[in-house]
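Asks: Quick one, entry.cif (mmCIF, C-alpha atoms):
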data_protein
#
loop_
_atom_site.label_atom_id
_atom_site.label_comp_id
_atom_site.auth_asym_id
_atom_site.auth_seq_id
_atom_site.Cartn_x
_atom_site.Cartn_y
_atom_site.Cartn_z
CA MET A 13 -216.55 -20.67 -34.94
CA LYS A 14 -217.76 -18.69 -37.93
CA ILE A 15 -216.28 -15.42 -39.22
CA ILE A 16 -218.81 -13.09 -40.83
CA ARG A 17 -217.83 -9.93 -42.68
CA THR A 18 -221.11 -8.58 -44.06
CA ILE A 19 -224.09 -7.03 -42.32
CA ALA A 20 -226.58 -8.99 -44.42
CA GLU A 21 -225.10 -12.38 -43.49
CA MET A 22 -224.77 -11.41 -39.83
CA GLN A 23 -228.40 -10.33 -39.60
CA GLU A 24 -229.51 -13.48 -41.38
CA GLN A 25 -227.61 -15.69 -38.93
CA MET A 26 -228.85 -13.79 -35.88
CA LEU A 27 -232.48 -13.83 -37.02
CA ARG A 28 -232.20 -17.60 -37.44
CA LEU A 29 -230.89 -17.99 -33.89
CA LYS A 30 -233.62 -15.77 -32.48
CA SER A 31 -236.32 -17.66 -34.38
CA GLU A 32 -235.06 -20.83 -32.67
CA GLY A 33 -235.25 -19.16 -29.25
CA ILE A 34 -231.48 -19.20 -28.77
CA SER A 35 -230.08 -16.60 -26.37
CA ILE A 36 -227.27 -14.44 -27.77
CA GLY A 37 -224.47 -13.01 -25.65
CA TYR A 38 -222.63 -10.17 -27.37
CA VAL A 39 -219.17 -8.70 -26.72
CA PRO A 40 -218.39 -5.62 -28.87
CA THR A 41 -214.66 -4.84 -29.19
CA MET A 42 -212.13 -3.02 -31.34
CA GLY A 43 -209.88 -6.07 -31.28
CA PHE A 44 -206.35 -6.53 -29.96
CA LEU A 45 -207.98 -8.66 -27.29
CA HIS A 46 -206.61 -8.90 -23.75
CA GLU A 47 -207.62 -10.54 -20.48
CA GLY A 48 -210.32 -7.95 -19.86
CA HIS A 49 -212.02 -8.96 -23.11
CA MET A 50 -211.55 -12.61 -22.20
CA SER A 51 -213.48 -12.08 -18.96
CA LEU A 52 -216.37 -10.64 -20.99
CA MET A 53 -216.36 -13.60 -23.38
CA GLU A 54 -216.17 -16.05 -20.49
CA ARG A 55 -219.17 -14.45 -18.78
CA ALA A 56 -221.12 -14.40 -22.06
CA ARG A 57 -220.32 -18.08 -22.60
CA GLN A 58 -221.64 -18.95 -19.14
CA GLU A 59 -224.93 -17.13 -19.58
CA ASN A 60 -225.93 -17.68 -23.22
CA GLU A 61 -226.42 -20.41 -25.77
CA ALA A 62 -224.59 -18.48 -28.49
CA VAL A 63 -221.74 -15.98 -28.15
CA VAL A 64 -220.96 -13.24 -30.67
CA LEU A 65 -217.78 -11.17 -30.67
CA SER A 66 -217.46 -8.15 -32.94
CA ILE A 67 -214.10 -6.70 -33.95
CA PHE A 68 -214.38 -3.28 -35.52
CA VAL A 69 -212.06 -0.31 -35.11
CA ASN A 70 -214.67 2.42 -35.25
CA PRO A 71 -213.37 5.54 -37.01
CA LEU A 72 -216.19 7.72 -35.65
CA GLN A 73 -214.90 7.58 -32.08
CA PHE A 74 -211.40 8.84 -32.89
CA GLY A 75 -210.78 12.54 -32.43
CA PRO A 76 -208.70 14.79 -34.70
CA ASN A 77 -205.60 14.32 -32.52
CA GLU A 78 -206.02 10.54 -32.21
CA ASP A 79 -204.32 8.28 -34.74
CA LEU A 80 -206.82 5.78 -36.13
CA ASP A 81 -204.18 4.12 -38.31
CA ALA A 82 -201.89 3.56 -35.31
CA TYR A 83 -204.53 1.62 -33.37
CA PRO A 84 -203.11 -1.91 -32.82
CA ARG A 85 -204.60 -4.71 -34.89
CA ASP A 86 -203.89 -8.45 -34.89
CA PHE A 87 -206.81 -10.45 -36.23
CA ASP A 88 -205.00 -13.81 -36.25
CA ARG A 89 -204.26 -13.50 -32.55
CA ASP A 90 -207.78 -12.23 -31.82
CA HIS A 91 -209.19 -15.21 -33.71
CA SER A 92 -207.18 -17.62 -31.53
CA VAL A 93 -208.26 -15.87 -28.32
CA ALA A 94 -211.92 -15.92 -29.34
CA GLU A 95 -211.71 -19.59 -30.25
CA SER A 96 -210.16 -20.42 -26.87
CA GLN A 97 -213.10 -18.68 -25.14
CA GLY A 98 -215.76 -20.62 -27.03
CA VAL A 99 -217.02 -17.78 -29.22
CA ASP A 100 -219.47 -18.97 -31.89
CA TYR A 101 -219.41 -15.99 -34.27
CA ILE A 102 -216.94 -13.22 -35.01
CA PHE A 103 -218.45 -10.25 -36.78
CA TYR A 104 -215.52 -8.61 -38.56
CA PRO A 105 -216.78 -5.91 -40.94
CA SER A 106 -214.76 -3.30 -42.81
CA ALA A 107 -215.29 0.42 -42.35
CA GLU A 108 -216.81 0.51 -45.84
CA GLU A 109 -219.29 -2.19 -44.84
CA MET A 110 -220.36 -0.34 -41.69
CA TYR A 111 -220.34 3.17 -43.22
CA PRO A 112 -220.93 2.85 -46.96
CA LYS A 113 -221.98 6.49 -47.31
CA ASP A 114 -222.35 9.67 -45.29
CA ALA A 115 -225.05 9.34 -42.66
CA SER A 116 -228.35 11.18 -43.08
CA VAL A 117 -228.94 11.05 -39.30
CA GLN A 118 -226.40 11.92 -36.62
CA VAL A 119 -226.35 10.66 -33.04
CA SER A 120 -225.47 13.08 -30.25
CA VAL A 121 -225.02 11.94 -26.64
CA VAL A 122 -226.16 14.83 -24.45
CA ASP A 123 -225.71 13.37 -20.97
CA ARG A 124 -223.02 11.53 -18.98
CA THR A 125 -220.21 12.65 -21.32
CA LYS A 126 -218.97 16.02 -20.04
CA VAL A 127 -217.03 14.56 -17.11
CA LEU A 128 -214.16 12.09 -16.61
CA CYS A 129 -212.45 11.11 -19.88
CA GLY A 130 -215.37 12.41 -21.94
CA LYS A 131 -214.63 16.07 -21.22
CA SER A 132 -211.29 15.85 -23.07
CA ARG A 133 -212.68 13.79 -25.97
CA PRO A 134 -215.55 15.80 -27.50
CA GLY A 135 -217.54 13.73 -29.97
CA HIS A 136 -216.02 10.44 -28.83
CA PHE A 137 -219.20 9.08 -27.29
CA ASP A 138 -221.27 10.24 -30.27
CA GLY A 139 -219.16 7.83 -32.31
CA VAL A 140 -219.51 5.09 -29.71
CA ALA A 141 -223.29 5.49 -29.59
CA THR A 142 -223.57 5.54 -33.39
CA VAL A 143 -221.68 2.31 -33.89
CA LEU A 144 -223.47 0.58 -31.01
CA ILE A 145 -226.90 1.45 -32.39
CA LYS A 146 -225.83 -0.14 -35.66
CA LEU A 147 -224.25 -3.17 -34.00
CA PHE A 148 -227.21 -3.75 -31.67
CA ASN A 149 -229.55 -3.74 -34.66
CA ILE A 150 -227.28 -6.10 -36.59
CA VAL A 151 -226.57 -8.62 -33.80
CA GLN A 152 -229.85 -8.24 -31.86
CA PRO A 153 -228.33 -9.72 -28.70
CA THR A 154 -230.12 -10.96 -25.62
CA ARG A 155 -227.32 -9.63 -23.42
CA ALA A 156 -224.43 -7.25 -24.10
CA TYR A 157 -221.21 -7.34 -22.06
CA PHE A 158 -219.04 -4.33 -21.22
CA GLY A 159 -216.11 -3.96 -18.84
CA LEU A 160 -216.41 -1.60 -15.88
CA LYS A 161 -212.82 -0.45 -16.32
CA ASP A 162 -214.37 2.02 -18.76
CA ALA A 163 -217.27 2.79 -16.45
CA GLN A 164 -218.19 5.98 -18.29
CA GLN A 165 -218.77 3.99 -21.46
CA VAL A 166 -220.96 1.57 -19.50
CA ALA A 167 -222.98 4.53 -18.20
CA VAL A 168 -223.44 5.88 -21.74
CA VAL A 169 -224.50 2.42 -22.99
CA ASP A 170 -226.96 2.14 -20.11
CA GLY A 171 -228.57 5.40 -21.21
CA LEU A 172 -228.54 4.35 -24.86
CA ILE A 173 -230.31 1.04 -24.20
CA LYS A 174 -232.94 2.68 -22.01
CA ASP A 175 -233.55 5.74 -24.21
CA PHE A 176 -233.93 3.73 -27.43
CA ASN A 177 -235.82 0.81 -25.82
CA PHE A 178 -233.41 -1.86 -26.99
CA PRO A 179 -234.61 -5.26 -25.68
CA ILE A 180 -231.09 -5.96 -24.42
CA GLU A 181 -229.83 -6.73 -20.93
CA LEU A 182 -226.67 -4.77 -20.16
CA ILE A 183 -224.15 -6.85 -18.21
CA PRO A 184 -221.32 -4.79 -16.64
CA VAL A 185 -218.31 -6.95 -15.79
CA ASP A 186 -215.83 -6.12 -13.04
CA THR A 187 -212.35 -4.84 -13.91
CA VAL A 188 -209.72 -7.54 -14.28
CA ARG A 189 -206.67 -6.83 -12.11
CA GLU A 190 -203.10 -7.98 -11.67
CA GLU A 191 -202.26 -9.78 -8.42
CA ASP A 192 -201.08 -6.50 -6.87
CA GLY A 193 -204.32 -4.72 -7.78
CA LEU A 194 -203.28 -2.80 -10.90
CA ALA A 195 -206.09 -2.74 -13.45
CA LYS A 196 -205.07 -4.78 -16.48
CA SER A 197 -204.59 -2.68 -19.59
CA SER A 198 -202.73 -2.86 -22.87
CA ARG A 199 -201.19 0.48 -21.81
CA ASN A 200 -199.37 -1.09 -18.86
CA VAL A 201 -196.55 -2.25 -21.16
CA TYR A 202 -195.62 1.42 -21.67
CA LEU A 203 -194.80 1.89 -17.98
CA ILE A 204 -191.04 2.27 -17.66
CA GLY A 205 -188.61 1.81 -14.78
CA GLU A 206 -190.24 2.35 -11.39
CA GLU A 207 -193.55 3.39 -12.96
CA ARG A 208 -194.90 -0.17 -12.91
CA GLU A 209 -194.38 -0.39 -9.15
CA GLN A 210 -195.82 3.09 -8.70
CA ALA A 211 -198.89 2.35 -10.81
CA VAL A 212 -200.34 0.07 -8.14
CA GLU A 213 -200.83 3.19 -6.01
CA LEU A 214 -203.85 4.06 -8.17
CA SER A 215 -205.80 1.08 -6.89
CA LYS A 216 -204.40 1.61 -3.39
CA SER A 217 -205.75 5.18 -3.39
CA LEU A 218 -209.16 3.87 -4.40
CA GLN A 219 -209.08 1.41 -1.54
CA LEU A 220 -208.12 4.23 0.85
CA ALA A 221 -211.21 6.08 -0.39
CA ARG A 222 -213.36 2.99 0.15
CA THR A 223 -212.06 2.61 3.71
CA ALA A 224 -212.70 6.29 4.49
CA ILE A 225 -216.26 6.08 3.20
CA GLN A 226 -216.88 2.89 5.15
CA GLY A 227 -215.59 4.79 8.17
CA GLY A 228 -218.25 7.46 7.69
CA GLU A 229 -216.62 10.12 5.49
CA ARG A 230 -219.26 11.65 3.18
CA ASN A 231 -217.48 14.75 1.87
CA PRO A 232 -216.34 14.08 -1.73
CA LEU A 233 -213.81 16.94 -1.63
CA LYS A 234 -212.03 15.36 1.33
CA ILE A 235 -211.91 11.99 -0.42
CA VAL A 236 -210.48 13.53 -3.60
CA ASP A 237 -207.89 15.50 -1.62
CA MET A 238 -206.79 12.38 0.25
CA MET A 239 -206.38 10.44 -2.99
CA MET A 240 -204.56 13.30 -4.69
CA ARG A 241 -202.03 13.54 -1.85
CA HIS A 242 -201.47 9.77 -1.94
CA ILE A 243 -200.78 9.72 -5.69
CA ASN A 244 -198.51 12.77 -5.57
CA LYS A 245 -196.53 11.34 -2.64
CA ASN A 246 -196.11 7.81 -4.00
CA THR A 247 -195.81 8.18 -7.78
CA SER A 248 -194.12 10.28 -10.42
CA GLY A 249 -197.40 10.39 -12.35
CA LYS A 250 -199.41 13.53 -13.00
CA VAL A 251 -203.05 13.37 -11.95
CA ASP A 252 -205.35 14.15 -14.88
CA TYR A 253 -208.47 13.90 -12.75
CA ILE A 254 -209.90 12.31 -9.62
CA GLU A 255 -213.68 12.72 -9.58
CA ILE A 256 -216.69 11.36 -7.72
CA TYR A 257 -220.21 11.21 -9.17
CA SER A 258 -223.50 9.38 -8.83
CA TYR A 259 -223.57 6.26 -10.98
CA PRO A 260 -224.62 5.68 -13.70
CA GLU A 261 -226.06 9.21 -13.95
CA LEU A 262 -222.61 10.83 -13.47
CA GLN A 263 -224.06 13.79 -11.58
CA SER A 264 -222.10 15.86 -9.04
CA LEU A 265 -222.66 15.17 -5.34
CA GLU A 266 -222.27 17.48 -2.36
CA THR A 267 -222.66 14.53 0.00
CA LEU A 268 -221.87 10.93 -0.84
CA THR A 269 -225.02 8.83 -0.93
CA GLY A 270 -226.47 6.05 -3.04
CA LYS A 271 -224.51 4.40 -5.83
CA ILE A 272 -221.35 6.34 -6.65
CA ILE A 273 -218.24 6.07 -8.82
CA ILE A 274 -214.78 7.21 -7.79
CA ALA A 275 -212.72 7.48 -10.97
CA MET A 276 -209.23 8.64 -11.82
CA ALA A 277 -206.75 9.10 -14.64
CA VAL A 278 -203.01 9.48 -14.09
CA LYS A 279 -200.42 10.26 -16.74
CA PHE A 280 -197.01 8.61 -16.54
CA SER A 281 -194.21 9.30 -19.01
CA LYS A 282 -195.62 7.14 -21.82
CA ALA A 283 -198.92 5.83 -20.44
CA ARG A 284 -202.17 7.35 -19.23
CA LEU A 285 -203.88 4.94 -16.83
CA ILE A 286 -207.50 4.96 -15.71
CA ASP A 287 -209.14 3.16 -12.81
CA ASN A 288 -212.31 3.36 -10.73
CA ILE A 289 -214.46 1.73 -8.11
CA ILE A 290 -218.25 1.78 -7.80
CA LEU A 291 -219.76 1.76 -4.31
CA ASN A 292 -223.15 1.75 -2.68
CA VAL A 293 -223.05 4.31 0.12
CA GLU A 294 -225.55 3.77 2.93
#
Could you write out this file's structure as structure tokens?
Replies:
Amino acid sequence: MKIIRTIAEMQEQMLRLKSEGISIGYVPTMGFLHEGHMSLMERARQENEAVVLSIFVNPLQFGPNEDLDAYPRDFDRDHSVAESQGVDYIFYPSAEEMYPKDASVQVSVVDRTKVLCGKSRPGHFDGVATVLIKLFNIVQPTRAYFGLKDAQQVAVVDGLIKDFNFPIELIPVDTVREEDGLAKSSRNVYLIGEEREQAVELSKSLQLARTAIQGGERNPLKIVDMMMRHINKNTSGKVDYIEIYSYPELQSLETLTGKIIIAMAVKFSKARLIDNIILNVE
């Protein structure tokens, strides 16, 4: 496994692979790797001849009330995890390497961002899109792997790839879950006391919604109300949002039809958890 810290060397290595007809699977991350990242690397390893992992804590996607310096970092551990998953290259640039000067062009995401988590994080997805445009041009992957736990980000990346004609196949990977159904997250360690047991009710409420839709319910307001009552009855958490949209367009629906996402965020005392399911409604 090779660690590369400069854009020039990374591009040189990737151009060599592409000239040899080698497929490149790419997993972009901000490090502090967990089992969700491991599932992306595993899938990339299965489907490509070379696997690239990038680790870069992107300052552009942090808002004014979000602490960039407090974001967890542990490169030695990340290195070991990547090695165990068969990663061939780690791209590990500094902020100065990625952003050596103020940009002369700014990226603005105008769709799919004003709902779900995006509505409370203005500018976040502009930063995500900016860094991904740079990373896609540096790595030039055949396939790029993103976890569906952050399904809004996957929707934004889908639009980015299509709008800018990147010759990249987007591979969304299902959310990794604990045995009881709780979506795995680094935030789960902040659940205290009975909150860990209560947190499983998020995924249970999503399954209740799935069952209702399979039973013929097509009114999104009724589904949201049912989920809201379940969370309020069975947890001490405060619902931030429960929303249903078309996917990946993230457009409002009066009647459930086609491919949809049911997404939620719930705040516990020291952790804000997100979860979702994506369904095809007949």
Asks: What is the atom CA of Val185 of chain A-atom CA of Ser51 of chain A distance in Å, reported with one decimal?
Replies: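 Taking atom CA of Val185 of chain A and atom CA of Ser51 of chain A, their separation equals 7.7 Å.
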Asks: I need the residue nearest Arg241 of chain A from this list: A:Glu24, A:Glu191, A:Glu229, A:Glu213. Use all atoms listed in the file for the distance.
Replies: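 Closest candidate: A:Glu213.
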Asks: Write out as number ranges by chain each polymer residue whose atoms come within 10 Å of segment 266-279 of chain A, counting all atoms listed in the file; drop sequence neighbours fewer than 3 positions from it.
Replies: A: 128-129, 161-164, 211, 214-215, 217-218, 221-222, 225, 228-233, 235-236, 239-240, 243, 247-263, 282-294
Asks: Using Å and a single decimal, report how far atom CA of Ser198 of chain A sits from atom CA of Gly159 of chain A.
Replies: 14.0 Å
Asks: Applying the PyMOL selection byres ((chain A and resi 142-158) around 9) to the file I just gave you, which residues come out? Please list them as a PyMOL selection string.
Replies: chain A and resi 19-20+22-23+25-27+30+34-40+49+52-53+55-56+59-60+64+66+70+72-73+103+110+118-120+137-141+159-163+165-166+169+172-173+176+178-186
Asks: Which residue out of A:Thr18, A:Leu29, A:Phe87, A:Val63 has the minimum interatomic distance to Met42 of chain A when all atoms listed in the file are used?
Replies: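 That would be A:Phe87, the residue with the smallest distance to Met42 of chain A.
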Asks: For Val212 of chain A, find every residue with an atom within 10 Å (counting only C-alpha atoms), except residues of its own chain fewer than 6 positions away, and show them as number ranges by chain.
Replies: A: 190, 192-195, 243, 246-247
Asks: Separation of atom CA of Val99 of chain A and atom CA of Glu54 of chain A, in Å?
Replies: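 Interatomic distance here is 8.9 Å.
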Asks: If we count only C-alpha atoms and set the cut-off at 10 Å, which residues sit around Asn77 of chain A, ignoring sequence neighbours fewer than 3 positions away in its own chain? Please answer as a list in words.
Replies: Phe74, Leu80 and Arg133 of chain A
